[in-house]
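J.: Handing you a structure now.
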Amino acid sequence: MQAAPISGLSEIADRYDGLLCDAWGVIHDGVNLFNGVGEALIEFRRQRGPVVILTNAPRPNAIIPAQLDRLGLPREAYDAIVTSGDATRAEIISRLPQRAYRLGPDKDDPLFEGIDVKFAPLGDAAFIICTGLHDDERETPDDYADLLEEAAARDLPMICANPDIVVRWGGQLIYCAGALAEVYERLGGKVVYAGKPHAPIYKLALDALGRHRGAPINPTRTLAVGDGLLTDVQGANRQGIDSLYIFGSGGIHAGTSDALSVGKSLERAGVTAVAAMAELRW
């Protein structure tokens, strides 16, 4: 299906009763809030139904509102937040009391709050929890080659708390946990993905939409907005949810600029979207 080029969410909003909106690359780039996004989400809530921000952040949802506040997104732009961290916590709990090897930065500490998980050196661990690179501004997956080879040789399952490969931080692309998980799979390691495009996070998100709507919501009456072809768009496709693809300068596929190149990008990724626009506007 060729994605219809649109200039505003208002052109298709009347088809839907709820909205799932990606954060990084659609709402902000980690540094700046994109112009017009707050208005678009507020208007959808006012005219159509609830908005859930659906993000592959490897943190509990309670952490995210303060981050969005600092960027300037009004609280009235959304009803709830569902994160990859929420789904990750459930995966961790299911493996306790086994000990885990932690792979990721200290900034992800909130993911483990309230969970009695014990961490161990790689040689003593039963599984890996990967939230990202220790220093994502300087490191690449190549820096973890030896560690990942050792873990794969020990046949340790990895829980990947953020399936994103890269995100755009300001003007820089930085690697996420998904980049390490991708390498690990190539080495023969088993990876359990908690976030988009996998089903568990969508169940949580649809449940949240239903709670705020006051009734269960049909996935076919839900729109997912995102800039990640293999996370946001593919995840929506798998769940029977329509997708609005955001391809502008703030997203990870920056450089796509017209209907033809958008169509080719979707085709190469093997995904479909009902519509596409450069930046989210009402």
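Labeling convention for the structure tokens: chains A, B, ... as they appear, residues from 1 per chain, ligands from 1 in order of appearance.
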Per residue of range 17-106 of chain A within 9 Å of range 171-178 of chain A, what are the shortest atom pair and its distance in Å to one decimal, counting only C-alpha atoms, with rows by chain and residue number, as a tab-separated table?
T.:
```
residue	atom	partner	partner_atom	distance
A:Asp29	CA	A:Gly171	CA	8.2
A:Pro58	CA	A:Ala177	CA	8.9
A:Leu103	CA	A:Ala177	CA	8.9
A:Gly104	CA	A:Ala177	CA	8.0
```
J.: Skipping near chain neighbours, those fewer than 5 positions away, what residues fall within 10 Å of Ile93 in chain A using only C-alpha atoms, listed as a list in words?
T.: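 The residues that qualify are Thr88, Gln98, Ile115, Asp116 and Val117 of chain A.
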J.: Please, could you write that set of residues out with N, CA and C atoms as a short mmCIF file (atom, residue, chain, number, x, y, z; two decimals), in the first residue's frame?
T.:
```cif
data_model
loop_
_atom_site.label_atom_id
_atom_site.label_comp_id
_atom_site.auth_asym_id
_atom_site.auth_seq_id
_atom_site.Cartn_x
_atom_site.Cartn_y
_atom_site.Cartn_z
N THR A 88 9.74 -4.76 29.98
CA THR A 88 10.99 -5.38 30.42
C THR A 88 10.91 -5.85 31.86
N GLN A 98 16.81 -16.02 39.53
CA GLN A 98 18.08 -16.14 38.82
C GLN A 98 18.79 -14.79 38.79
N ILE A 115 12.33 -4.07 42.12
CA ILE A 115 12.50 -5.45 41.67
C ILE A 115 13.70 -6.06 42.40
N ASP A 116 13.52 -7.19 43.00
CA ASP A 116 14.59 -7.82 43.76
C ASP A 116 15.48 -8.66 42.83
N VAL A 117 16.13 -7.96 41.89
CA VAL A 117 17.00 -8.63 40.94
C VAL A 117 18.44 -8.50 41.42
#
```
J.: Can you list, as number ranges by chain, every protein, DNA or RNA residue that comes within 6 Å of range 230-239 of chain A when you count only C-alpha atoms, leaving out same-chain residues fewer than 4 positions away?
T.: A: 196-197, 226, 243, 271
J.: Go ahead and save the residues from that selection, with N, CA, C and O atoms, as a tab-separated table (two decimals), in the first residue's frame.
T.:
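New file selection.tsv:
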```tsv
chain	number	residue	atom	x	y	z
A	196	LYS	N	8.60	-2.24	21.08
A	196	LYS	CA	8.18	-2.28	19.69
A	196	LYS	C	9.28	-2.90	18.83
A	196	LYS	O	10.45	-2.62	19.06
A	197	PRO	N	8.97	-3.74	17.87
A	197	PRO	CA	7.65	-4.03	17.28
A	197	PRO	C	6.96	-5.27	17.84
A	197	PRO	O	6.13	-5.87	17.16
A	226	GLY	N	4.71	7.01	14.10
A	226	GLY	CA	6.11	6.73	14.42
A	226	GLY	C	7.04	6.98	13.26
A	226	GLY	O	6.62	7.08	12.11
A	243	SER	N	-0.88	2.79	10.53
A	243	SER	CA	0.33	3.53	10.88
A	243	SER	C	0.43	4.82	10.09
A	243	SER	O	0.17	4.85	8.88
A	271	VAL	N	7.02	-3.01	4.97
A	271	VAL	CA	5.95	-2.54	5.85
A	271	VAL	C	5.03	-1.62	5.06
A	271	VAL	O	5.34	-1.18	3.95
```
J.: Quick one: of A:Ile92, A:Ile246, A:Ala77, A:Leu229, who's nearest to Arg268 in chain A, counting only C-alpha atoms?
T.: A:Leu229
J.: Find the residues around Leu111 in chain A up to 10 Å (only C-alpha atoms counted), leave out those fewer than 4 positions away in its own chain, and share them as a VMD selection string.
T.: chain A and resid 57 to 61 63 84 to 86 88 to 89 107 115 131 161
J.: DSSP on the backbone, then: every residue of range 49-196 of chain A marked alpha helix (DSSP H), written as a PyMOL selection string.
T.: chain A and resi 64-71+84-93+145-153+177-186
J.: Take CA of Val52 in chain A and CA of Leu33 in chain A and report the distance between them in Å, one decimal.
T.: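 Calculated distance between CA of Val52 in chain A and CA of Leu33 in chain A is 17.2 Å.
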J.: Work out how far apart CA of Pro219 in chain A and CA of Leu206 in chain A are and give it in Å to one decimal.
T.: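 Separation of CA of Pro219 in chain A and CA of Leu206 in chain A: 7.6 Å.
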J.: So, counting only C-alpha atoms, which residue among A:Cys21, A:Ile27, A:Ala145, A:Met277 is closest to Val51 in chain A?
T.: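 For Val51 in chain A, the nearest of the given residues is A:Cys21.
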J.: Rank nothing, just name the residue among A:Arg95, A:Asp155, A:Asp207, A:Asn32 nearest to Gly123 in chain A, using only C-alpha atoms.
T.: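 Checking each of A:Arg95, A:Asp155, A:Asp207, A:Asn32 against Gly123 in chain A, counting only C-alpha atoms, the winner is A:Asp155.
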J.: For Leu223 in chain A, which residue among A:Gly49, A:Gly170, A:Gly132, A:Gly188 is the nearest when counting only C-alpha atoms?
T.: A:Gly49
J.: Expressed in Å to a single decimal, how great is the separation between CA of Ala208 in chain A and CA of Ala90 in chain A?
T.: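 So the answer is 16.4 Å.
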J.: Can you tell me which residues surround Asn56 in chain A at a distance of at most 7 Å, considering only C-alpha atoms, apart from same-chain residues fewer than 3 positions away, and format the answer as number ranges by chain?
T.: A: 83-84, 162-164, 195-196
J.: Give the answer as one residue: which of A:Ala179, A:Leu73, A:Arg168, A:Ala3 has the shortest atom-to-atom distance to Ser265 in chain A, using only C-alpha atoms?
T.: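 Smallest separation from Ser265 in chain A among the options: A:Ala3.
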